[in-house]
file query39.tsv (TSV, C-alpha atoms and all ligand atoms)
chain	number	residue	atom	x	y	z
A	21	MET	CA	22.68	17.43	21.28
A	22	ARG	CA	22.40	13.72	20.60
A	23	PRO	CA	20.97	12.55	17.26
A	24	ILE	CA	17.23	12.43	16.56
A	25	ILE	CA	15.22	9.61	14.99
A	26	ALA	CA	12.48	10.70	12.56
A	27	VAL	CA	9.82	8.18	11.53
A	28	ASP	CA	7.18	8.39	8.79
A	29	ILE	CA	4.43	5.76	8.96
A	30	GLY	CA	2.75	5.51	5.57
A	31	GLY	CA	0.05	3.23	4.18
A	32	THR	CA	2.58	0.98	2.42
A	33	HIS	CA	5.99	1.79	3.98
A	34	VAL	CA	7.39	2.86	7.32
A	35	ARG	CA	10.59	4.88	7.04
A	36	ALA	CA	13.03	5.88	9.75
A	37	ALA	CA	16.12	8.07	9.56
A	38	LEU	CA	18.77	9.26	12.02
A	39	TYR	CA	19.74	12.96	11.93
A	40	SER	CA	22.48	14.88	13.70
A	41	GLU	CA	21.83	18.35	15.06
A	42	ALA	CA	23.57	20.06	12.18
A	43	THR	CA	21.98	18.86	8.94
A	44	ASP	CA	18.81	17.70	7.23
A	45	THR	CA	20.71	14.90	5.50
A	46	PRO	CA	20.28	11.63	7.41
A	47	MET	CA	23.24	9.76	8.91
A	48	SER	CA	21.39	6.51	8.20
A	49	ARG	CA	17.95	5.50	6.99
A	50	ALA	CA	15.92	2.36	6.35
A	51	GLU	CA	12.35	1.30	5.62
A	52	ILE	CA	10.03	-1.65	6.08
A	53	ALA	CA	6.62	-2.59	4.66
A	54	THR	CA	3.74	-1.32	6.82
A	55	HIS	CA	1.94	-4.64	6.52
A	56	SER	CA	3.61	-7.97	7.19
A	57	GLN	CA	2.67	-11.34	8.66
A	58	ASP	CA	6.03	-11.56	10.51
A	59	ALA	CA	5.19	-9.63	13.68
A	60	ASP	CA	3.00	-6.78	14.88
A	61	LEU	CA	3.77	-3.32	13.52
A	62	PHE	CA	4.93	-1.81	16.81
A	63	SER	CA	7.63	-4.42	17.38
A	64	ARG	CA	8.79	-4.18	13.75
A	65	LEU	CA	8.90	-0.36	14.14
A	66	CYS	CA	11.10	-0.74	17.25
A	67	ASP	CA	13.43	-3.08	15.32
A	68	LEU	CA	13.61	-0.51	12.51
A	69	ILE	CA	14.58	2.26	14.95
A	70	GLU	CA	17.23	-0.02	16.50
A	71	GLN	CA	18.63	-0.72	13.05
A	72	VAL	CA	18.81	2.97	12.11
A	73	ARG	CA	20.27	4.29	15.37
A	74	VAL	CA	23.18	1.78	15.33
A	75	GLU	CA	23.52	1.75	19.14
A	76	ARG	CA	23.77	5.54	19.46
A	77	ALA	CA	22.13	7.30	22.41
A	78	LEU	CA	19.17	9.38	21.17
A	79	GLU	CA	17.97	12.89	21.95
A	80	SER	CA	14.34	12.26	20.99
A	81	ILE	CA	12.01	10.65	18.42
A	82	GLY	CA	9.64	12.45	16.03
A	83	VAL	CA	6.86	10.52	14.31
A	84	ALA	CA	4.65	11.38	11.33
A	85	ALA	CA	1.68	9.04	11.69
A	86	PRO	CA	-1.61	8.52	9.89
A	87	GLY	CA	-4.49	10.37	11.53
A	88	PRO	CA	-6.82	11.09	13.11
A	89	LEU	CA	-4.63	11.24	16.18
A	90	ASP	CA	-4.12	13.30	19.32
A	91	PRO	CA	-0.84	15.21	18.90
A	92	ARG	CA	-0.78	16.19	22.58
A	93	SER	CA	-0.77	12.62	23.92
A	94	GLY	CA	0.68	10.94	20.82
A	95	THR	CA	-2.29	8.54	20.67
A	96	ILE	CA	-3.46	7.25	17.28
A	97	LEU	CA	-7.27	7.33	17.38
A	98	ARG	CA	-7.98	5.24	14.30
A	99	ALA	CA	-5.52	4.78	11.44
A	100	PRO	CA	-7.46	3.88	8.28
A	101	ASN	CA	-4.76	1.56	6.90
A	102	ILE	CA	-3.55	0.09	10.20
A	103	GLN	CA	-6.35	-1.98	11.75
A	104	GLU	CA	-4.24	-3.00	14.78
A	105	TRP	CA	-3.85	0.61	15.96
A	106	ILE	CA	-7.14	1.80	17.45
A	107	GLU	CA	-6.69	4.22	20.38
A	108	PHE	CA	-3.03	3.19	20.28
A	109	PRO	CA	-0.69	5.23	22.56
A	110	LEU	CA	2.21	5.27	20.08
A	111	GLY	CA	4.09	8.19	21.67
A	112	SER	CA	4.14	6.80	25.20
A	113	ARG	CA	4.93	3.27	24.00
A	114	LEU	CA	8.01	4.57	22.11
A	115	THR	CA	9.06	6.71	25.09
A	116	GLU	CA	8.79	3.63	27.37
A	117	ARG	CA	10.76	1.49	24.94
A	118	PHE	CA	13.59	3.95	24.13
A	119	GLY	CA	13.67	6.15	27.24
A	120	VAL	CA	13.51	9.46	25.31
A	121	SER	CA	10.79	12.02	24.57
A	122	THR	CA	8.63	11.13	21.56
A	123	TYR	CA	6.62	13.65	19.56
A	124	VAL	CA	3.81	12.50	17.26
A	125	ASP	CA	1.71	14.40	14.75
A	126	ASN	CA	-0.43	13.73	11.70
A	127	ASP	CA	1.70	12.98	8.62
A	128	ALA	CA	0.05	15.66	6.46
A	129	ASN	CA	0.49	18.30	9.20
A	130	LEU	CA	4.17	17.44	9.40
A	131	ALA	CA	4.58	17.41	5.61
A	132	ALA	CA	2.98	20.89	5.62
A	133	LEU	CA	5.42	22.00	8.33
A	134	ALA	CA	8.40	20.72	6.32
A	135	GLU	CA	7.25	22.28	3.03
A	136	TRP	CA	6.70	25.58	4.85
A	137	ARG	CA	10.11	25.64	6.57
A	138	LEU	CA	12.29	23.86	4.03
A	139	GLY	CA	10.38	23.58	0.74
A	140	ALA	CA	7.87	25.37	-1.49
A	141	GLY	CA	6.36	27.41	1.38
A	142	ARG	CA	9.51	29.22	2.53
A	143	GLY	CA	8.89	32.91	3.11
A	144	HIS	CA	5.10	32.49	3.43
A	145	SER	CA	3.06	32.84	6.65
A	146	ASP	CA	-0.26	31.42	5.39
A	147	VAL	CA	0.15	28.04	3.72
A	148	LEU	CA	-2.45	25.53	2.60
A	149	TYR	CA	-1.01	22.04	2.03
A	150	LEU	CA	-2.82	19.15	0.37
A	151	THR	CA	-1.38	15.74	-0.32
A	152	VAL	CA	-3.06	13.54	-2.92
A	153	GLY	CA	-2.05	9.90	-2.84
A	154	THR	CA	-3.94	6.77	-1.79
A	155	GLY	CA	-6.01	9.23	0.26
A	156	VAL	CA	-6.12	13.03	0.54
A	157	GLY	CA	-4.49	14.74	3.54
A	158	GLY	CA	-4.12	18.35	4.57
A	159	GLY	CA	-2.16	20.77	6.70
A	160	LEU	CA	-2.57	24.47	7.44
A	161	ILE	CA	-0.21	27.24	8.55
A	162	LEU	CA	-1.82	30.56	9.49
A	163	ASN	CA	0.06	33.62	10.72
A	164	GLY	CA	3.20	31.49	10.93
A	165	GLN	CA	1.59	28.78	13.13
A	166	LEU	CA	0.76	25.19	12.27
A	167	ILE	CA	-2.95	24.92	13.10
A	168	HIS	CA	-4.23	22.02	15.24
A	169	GLY	CA	-7.61	23.23	16.54
A	170	SER	CA	-9.19	22.44	19.89
A	171	HIS	CA	-8.89	18.63	19.62
A	172	GLY	CA	-5.76	18.50	17.49
A	173	LEU	CA	-7.92	17.41	14.55
A	174	ALA	CA	-7.91	20.49	12.27
A	175	ALA	CA	-7.05	20.50	8.55
A	176	GLU	CA	-8.55	17.09	7.64
A	177	PHE	CA	-9.27	18.49	4.19
A	178	GLY	CA	-9.52	15.04	2.60
A	179	HIS	CA	-12.77	14.63	4.53
A	180	MET	CA	-14.16	18.03	3.59
A	181	LEU	CA	-17.75	17.46	2.51
A	182	ILE	CA	-18.36	18.01	-1.20
A	183	ASP	CA	-21.76	16.29	-1.57
A	184	PRO	CA	-23.51	14.23	1.15
A	185	ALA	CA	-25.09	12.12	-1.60
A	186	GLY	CA	-21.68	11.41	-3.16
A	187	PRO	CA	-19.60	8.21	-3.27
A	188	GLN	CA	-18.53	6.42	-0.08
A	189	CYS	CA	-15.23	7.63	1.41
A	190	SER	CA	-12.51	5.48	3.00
A	191	CYS	CA	-13.78	6.76	6.39
A	192	GLY	CA	-17.23	5.26	5.75
A	193	LYS	CA	-19.10	8.55	5.24
A	194	HIS	CA	-20.24	9.83	1.86
A	195	GLY	CA	-19.14	12.55	-0.55
A	196	HIS	CA	-15.89	13.64	1.09
A	197	LEU	CA	-13.17	15.16	-1.12
A	198	GLU	CA	-11.11	11.97	-0.87
A	199	SER	CA	-13.93	9.93	-2.43
A	200	TYR	CA	-13.63	12.08	-5.60
A	201	ALA	CA	-9.99	13.02	-5.87
A	202	SER	CA	-7.63	10.49	-4.23
A	203	GLY	CA	-5.53	8.18	-6.39
A	204	THR	CA	-7.86	5.37	-5.34
A	205	ALA	CA	-10.93	7.38	-6.40
A	206	ILE	CA	-9.42	8.34	-9.78
A	207	ALA	CA	-8.66	4.69	-10.59
A	208	ALA	CA	-12.11	3.56	-9.40
A	209	HIS	CA	-13.80	6.22	-11.56
A	210	VAL	CA	-11.94	5.02	-14.69
A	211	ARG	CA	-12.79	1.38	-13.90
A	212	ARG	CA	-16.46	2.29	-13.56
A	213	LEU	CA	-16.54	4.11	-16.92
A	214	LEU	CA	-14.82	1.17	-18.63
A	215	GLU	CA	-17.37	-1.24	-17.14
A	216	GLU	CA	-20.06	0.98	-18.60
A	217	GLY	CA	-18.50	0.54	-22.04
A	218	ALA	CA	-16.30	3.62	-22.47
A	219	THR	CA	-13.22	3.21	-24.66
A	220	SER	CA	-9.68	3.95	-23.52
A	221	SER	CA	-6.11	2.76	-24.02
A	222	LEU	CA	-6.46	1.28	-20.51
A	223	GLN	CA	-9.36	-1.03	-21.33
A	224	ASP	CA	-7.26	-4.22	-21.48
A	225	MET	CA	-5.23	-3.42	-18.38
A	226	GLN	CA	-5.69	-5.92	-15.50
A	227	GLU	CA	-5.26	-3.53	-12.59
A	228	ILE	CA	-5.85	0.16	-13.24
A	229	THR	CA	-3.96	2.54	-10.95
A	230	SER	CA	-3.93	6.32	-10.77
A	231	SER	CA	-0.37	6.38	-12.11
A	232	ALA	CA	-1.48	4.33	-15.14
A	233	VAL	CA	-4.30	6.85	-15.65
A	234	ALA	CA	-1.86	9.78	-15.39
A	235	GLU	CA	0.51	8.12	-17.85
A	236	ALA	CA	-2.28	7.35	-20.34
A	237	ALA	CA	-3.56	10.93	-20.05
A	238	GLN	CA	-0.07	12.25	-20.88
A	239	GLU	CA	-0.07	10.00	-23.95
A	240	GLY	CA	-3.36	11.47	-25.15
A	241	ASP	CA	-5.97	9.04	-23.80
A	242	GLU	CA	-9.17	11.07	-23.64
A	243	LEU	CA	-10.92	9.09	-20.88
A	244	SER	CA	-7.86	9.33	-18.61
A	245	ARG	CA	-7.52	13.05	-19.25
A	246	ARG	CA	-11.17	13.60	-18.32
A	247	ALA	CA	-10.75	11.50	-15.15
A	248	LEU	CA	-7.83	13.71	-14.01
A	249	GLU	CA	-9.75	16.86	-14.89
A	250	ARG	CA	-12.69	15.62	-12.83
A	251	ALA	CA	-10.39	15.08	-9.80
A	252	GLY	CA	-8.86	18.53	-10.41
A	253	HIS	CA	-12.33	20.07	-10.52
A	254	TYR	CA	-13.15	18.70	-7.05
A	255	LEU	CA	-9.72	19.51	-5.60
A	256	GLY	CA	-10.20	23.06	-6.91
A	257	ILE	CA	-13.60	23.29	-5.19
A	258	ALA	CA	-12.02	22.19	-1.88
A	259	ILE	CA	-9.08	24.60	-2.32
A	260	SER	CA	-11.39	27.51	-3.13
A	261	ASN	CA	-13.41	26.69	0.03
A	262	CYS	CA	-10.11	26.82	1.94
A	263	CYS	CA	-9.16	30.11	0.23
A	264	MET	CA	-12.43	31.66	1.39
A	265	SER	CA	-11.94	30.23	4.90
A	266	PHE	CA	-8.22	30.94	5.43
A	267	ASP	CA	-6.98	33.16	2.56
A	268	PRO	CA	-3.54	31.51	2.07
A	269	SER	CA	-0.75	33.02	-0.06
A	270	VAL	CA	0.45	29.62	-1.29
A	271	VAL	CA	-1.24	26.27	-1.94
A	272	ILE	CA	1.27	23.40	-1.94
A	273	LEU	CA	0.29	20.08	-3.48
A	274	GLY	CA	2.17	16.94	-2.52
A	275	GLY	CA	1.67	13.20	-2.94
A	276	GLY	CA	2.26	10.73	-5.74
A	277	VAL	CA	-0.80	11.64	-7.84
A	278	LEU	CA	0.50	15.20	-8.39
A	279	GLY	CA	3.89	13.88	-9.47
A	280	SER	CA	2.95	13.03	-13.03
A	281	GLY	CA	2.27	15.63	-15.71
A	282	GLU	CA	0.54	18.99	-15.78
A	283	ILE	CA	-3.07	18.00	-16.55
A	284	LEU	CA	-4.19	17.64	-12.93
A	285	LEU	CA	-2.38	20.77	-11.70
A	286	GLN	CA	-3.82	22.86	-14.54
A	287	SER	CA	-7.37	21.67	-13.92
A	288	ILE	CA	-6.97	22.43	-10.20
A	289	ARG	CA	-5.88	25.99	-11.03
A	290	ARG	CA	-8.83	26.46	-13.42
A	291	SER	CA	-11.30	25.19	-10.84
A	292	VAL	CA	-9.94	27.46	-8.08
A	293	VAL	CA	-10.24	30.48	-10.38
A	294	ALA	CA	-13.80	29.47	-11.26
A	295	HIS	CA	-14.99	28.98	-7.66
A	296	VAL	CA	-13.49	31.67	-5.41
A	297	LEU	CA	-15.76	34.44	-4.21
A	298	HIS	CA	-13.62	37.33	-5.48
A	299	PRO	CA	-10.54	37.63	-7.70
A	300	ARG	CA	-8.68	39.33	-4.83
A	301	TYR	CA	-8.08	35.85	-3.31
A	302	LEU	CA	-6.01	35.00	-6.39
A	303	GLU	CA	-3.68	38.02	-6.32
A	304	GLY	CA	-0.19	36.62	-5.82
A	305	LEU	CA	-1.64	33.21	-4.89
A	306	GLU	CA	0.76	30.43	-5.84
A	307	ILE	CA	-0.66	26.96	-6.52
A	308	THR	CA	2.38	24.76	-6.80
A	309	ARG	CA	3.86	21.32	-6.21
A	310	GLY	CA	5.83	20.57	-3.05
A	311	THR	CA	9.59	20.35	-3.47
A	312	LEU	CA	10.43	17.76	-0.78
A	313	GLY	CA	8.75	14.75	-2.43
A	314	ASP	CA	8.47	11.59	-0.33
A	315	ASP	CA	10.72	13.02	2.39
A	316	ALA	CA	8.27	15.74	3.48
A	317	GLY	CA	6.76	13.66	6.33
A	318	LEU	CA	10.15	12.49	7.58
A	319	LEU	CA	11.58	16.03	7.57
A	320	GLY	CA	8.46	17.33	9.34
A	321	ALA	CA	8.94	14.69	12.05
A	322	LEU	CA	12.57	15.85	12.38
A	323	LEU	CA	11.52	19.53	12.71
A	324	LEU	CA	8.89	18.56	15.32
A	325	ALA	CA	11.42	16.63	17.43
A	326	ARG	CA	14.08	19.36	17.07
A	327	ALA	CA	11.58	21.92	18.36
A	328	GLY	CA	10.76	19.68	21.33
A	329	GLY	CA	7.15	19.32	20.20
A	330	HIS	CA	4.56	21.83	19.09
A	331	ASP	CA	3.76	24.90	21.09
A	332	MET	CA	0.04	24.07	21.55
B	401	ZN	ZN	-14.04	10.71	4.57
call {"tool": "encode", "arguments": {"input": "query39.tsv", "output": "structure tokens"}}
result
Amino acid sequence: MRPIIAVDIGGTHVRAALYSEATDTPMSRAEIATHSQDADLFSRLCDLIEQVRVERALESIGVAAPGPLDPRSGTILRAPNIQEWIEFPLGSRLTERFGVSTYVDNDANLAALAEWRLGAGRGHSDVLYLTVGTGVGGGLILNGQLIHGSHGLAAEFGHMLIDPAGPQCSCGKHGHLESYASGTAIAAHVRRLLEEGATSSLQDMQEITSSAVAEAAQEGDELSRRALERAGHYLGIAISNCCMSFDPSVVILGGGVLGSGEILLQSIRRSVVAHVLHPRYLEGLEITRGTLGDDAGLLGALLLARAGGHDM
């Protein structure tokens, strides 16, 4: 088998790596910024793939892309952070350009697939995956199958409705999980409280980010700790809704916001315990961090391409 290119298209960076048949360690890898004035994203993506493949003939290409998208056709419907890609046929454009099969799926679905096969979900058949970063993404494995639903749009847990009268979400609607618990939402919540006169070690900071909030919380800042606990409360509500809908045996949490400290993870666990219908859901339930870090999407794209696409 010839080598495979795996691509992960994130909100800030696009990564590509070349893998041989035998290992999950890339033969070469590189990344570019998602946004640039130099050229359009598709042509910069093609240049990146050329750079990484170093003139080798390819077997196929696997792509983890921001959703919502159609995994059957490889068409991006509307990527929230990539304005130029509306109804964009990414899969067929790459196939045309490189002359090999291209497989595309939602980045959170593929991160879930990778954590299930190679990371924190190994040995489980029912896996709930949530990634908390700039936004909130989700993936679901039930009975040993990655779930796509009838339109390929299942497991968009970041847009699970928490309160229709809640804050506006990145998608334009109101009160979705992401509008309470993403890194963006955590930072915005702290900014709002500071504007209202609350005190915090962050009050003189020019640009408040969720990682600054997590750091301040670790160092004992009360406002930051409460902001993380609030996000954990809402994530726990969403996870308990998922427990009652799907009854997973492991909940895997990925994304940069989970990377720092225990406060958020502990408040998520408390909130799940408080909100599930019956304690039986919690028997043996693991709520844990992913183990693949930033590579989860890339490895999921590799697994997808190696399998020759999903069996849908
Ligand atoms: Zn939304």
call {"tool": "residues_near_ligand", "arguments": {"input": "query39.tsv", "ligand": "ligand ZN 401 (chain B)", "cutoff": "12 Å", "atoms": "all atoms listed in the file", "output": "ChimeraX atom specification"}}
result
/A:87-88,100,155-157,176-184,186-202,205
call {"tool": "atom_distance", "arguments": {"input": "query39.tsv", "atom1": "atom CA of Ala59 of chain A", "atom2": "atom CA of His33 of chain A"}}
result
15.0 Å
call {"tool": "residues_around", "arguments": {"input": "query39.tsv", "residues": "Asp60 of chain A", "least_positions_apart": "5", "cutoff": "9 Å", "atoms": "all atoms listed in the file", "output": "number ranges by chain"}}
result
A: 55, 65, 104
call {"tool": "closest_residue", "arguments": {"input": "query39.tsv", "among": "A:Ala26, A:Ala77, A:Leu248, A:Val152", "to": "Thr45 of chain A", "atoms": "only C-alpha atoms"}}
result
A:Ala26
call {"tool": "atom_distance", "arguments": {"input": "query39.tsv", "atom1": "atom CA of Leu160 of chain A", "atom2": "atom CA of Val147 of chain A"}}
result
5.8 Å
call {"tool": "closest_residue", "arguments": {"input": "query39.tsv", "among": "A:Val292, A:Cys262, A:Leu302, A:Ile161", "to": "Asp146 of chain A", "atoms": "all atoms listed in the file"}}
result
A:Ile161
call {"tool": "decode", "arguments": {"input": "query39.tsv", "residues": "segment 205-216 of chain A", "atoms": "N, CA, C and O atoms", "output": "PDB file, in the first residue's frame"}}
result
ATOM      1  N   ALA A 205     -16.619  31.247  25.235  1.00  0.00           N
ATOM      2  CA  ALA A 205     -17.701  31.615  26.152  1.00  0.00           C
ATOM      3  C   ALA A 205     -17.172  31.839  27.571  1.00  0.00           C
ATOM      4  O   ALA A 205     -17.624  32.753  28.273  1.00  0.00           O
ATOM      5  N   ILE A 206     -16.203  31.027  27.995  1.00  0.00           N
ATOM      6  CA  ILE A 206     -15.628  31.188  29.341  1.00  0.00           C
ATOM      7  C   ILE A 206     -14.946  32.554  29.450  1.00  0.00           C
ATOM      8  O   ILE A 206     -15.161  33.303  30.412  1.00  0.00           O
ATOM      9  N   ALA A 207     -14.155  32.897  28.432  1.00  0.00           N
ATOM     10  CA  ALA A 207     -13.459  34.195  28.452  1.00  0.00           C
ATOM     11  C   ALA A 207     -14.466  35.349  28.412  1.00  0.00           C
ATOM     12  O   ALA A 207     -14.322  36.334  29.144  1.00  0.00           O
ATOM     13  N   ALA A 208     -15.512  35.212  27.593  1.00  0.00           N
ATOM     14  CA  ALA A 208     -16.512  36.283  27.479  1.00  0.00           C
ATOM     15  C   ALA A 208     -17.254  36.477  28.802  1.00  0.00           C
ATOM     16  O   ALA A 208     -17.557  37.604  29.203  1.00  0.00           O
ATOM     17  N   HIS A 209     -17.533  35.352  29.490  1.00  0.00           N
ATOM     18  CA  HIS A 209     -18.231  35.430  30.778  1.00  0.00           C
ATOM     19  C   HIS A 209     -17.387  36.199  31.803  1.00  0.00           C
ATOM     20  O   HIS A 209     -17.895  37.069  32.520  1.00  0.00           O
ATOM     21  N   VAL A 210     -16.086  35.907  31.848  1.00  0.00           N
ATOM     22  CA  VAL A 210     -15.200  36.606  32.792  1.00  0.00           C
ATOM     23  C   VAL A 210     -15.117  38.092  32.440  1.00  0.00           C
ATOM     24  O   VAL A 210     -15.209  38.956  33.327  1.00  0.00           O
ATOM     25  N   ARG A 211     -14.996  38.399  31.153  1.00  0.00           N
ATOM     26  CA  ARG A 211     -14.957  39.812  30.732  1.00  0.00           C
ATOM     27  C   ARG A 211     -16.209  40.563  31.180  1.00  0.00           C
ATOM     28  O   ARG A 211     -16.148  41.680  31.682  1.00  0.00           O
ATOM     29  N   ARG A 212     -17.353  39.893  31.022  1.00  0.00           N
ATOM     30  CA  ARG A 212     -18.630  40.525  31.386  1.00  0.00           C
ATOM     31  C   ARG A 212     -18.677  40.814  32.892  1.00  0.00           C
ATOM     32  O   ARG A 212     -19.038  41.907  33.324  1.00  0.00           O
ATOM     33  N   LEU A 213     -18.243  39.843  33.712  1.00  0.00           N
ATOM     34  CA  LEU A 213     -18.266  40.051  35.163  1.00  0.00           C
ATOM     35  C   LEU A 213     -17.316  41.175  35.574  1.00  0.00           C
ATOM     36  O   LEU A 213     -17.631  41.968  36.469  1.00  0.00           O
ATOM     37  N   LEU A 214     -16.159  41.259  34.895  1.00  0.00           N
ATOM     38  CA  LEU A 214     -15.206  42.330  35.222  1.00  0.00           C
ATOM     39  C   LEU A 214     -15.783  43.693  34.855  1.00  0.00           C
ATOM     40  O   LEU A 214     -15.630  44.667  35.599  1.00  0.00           O
ATOM     41  N   GLU A 215     -16.478  43.748  33.714  1.00  0.00           N
ATOM     42  CA  GLU A 215     -17.114  45.015  33.305  1.00  0.00           C
ATOM     43  C   GLU A 215     -18.173  45.438  34.317  1.00  0.00           C
ATOM     44  O   GLU A 215     -18.423  46.623  34.513  1.00  0.00           O
ATOM     45  N   GLU A 216     -18.775  44.442  34.959  1.00  0.00           N
ATOM     46  CA  GLU A 216     -19.798  44.748  35.960  1.00  0.00           C
ATOM     47  C   GLU A 216     -19.188  45.083  37.324  1.00  0.00           C
ATOM     48  O   GLU A 216     -19.906  45.274  38.298  1.00  0.00           O
TER      49      GLU A 216
END
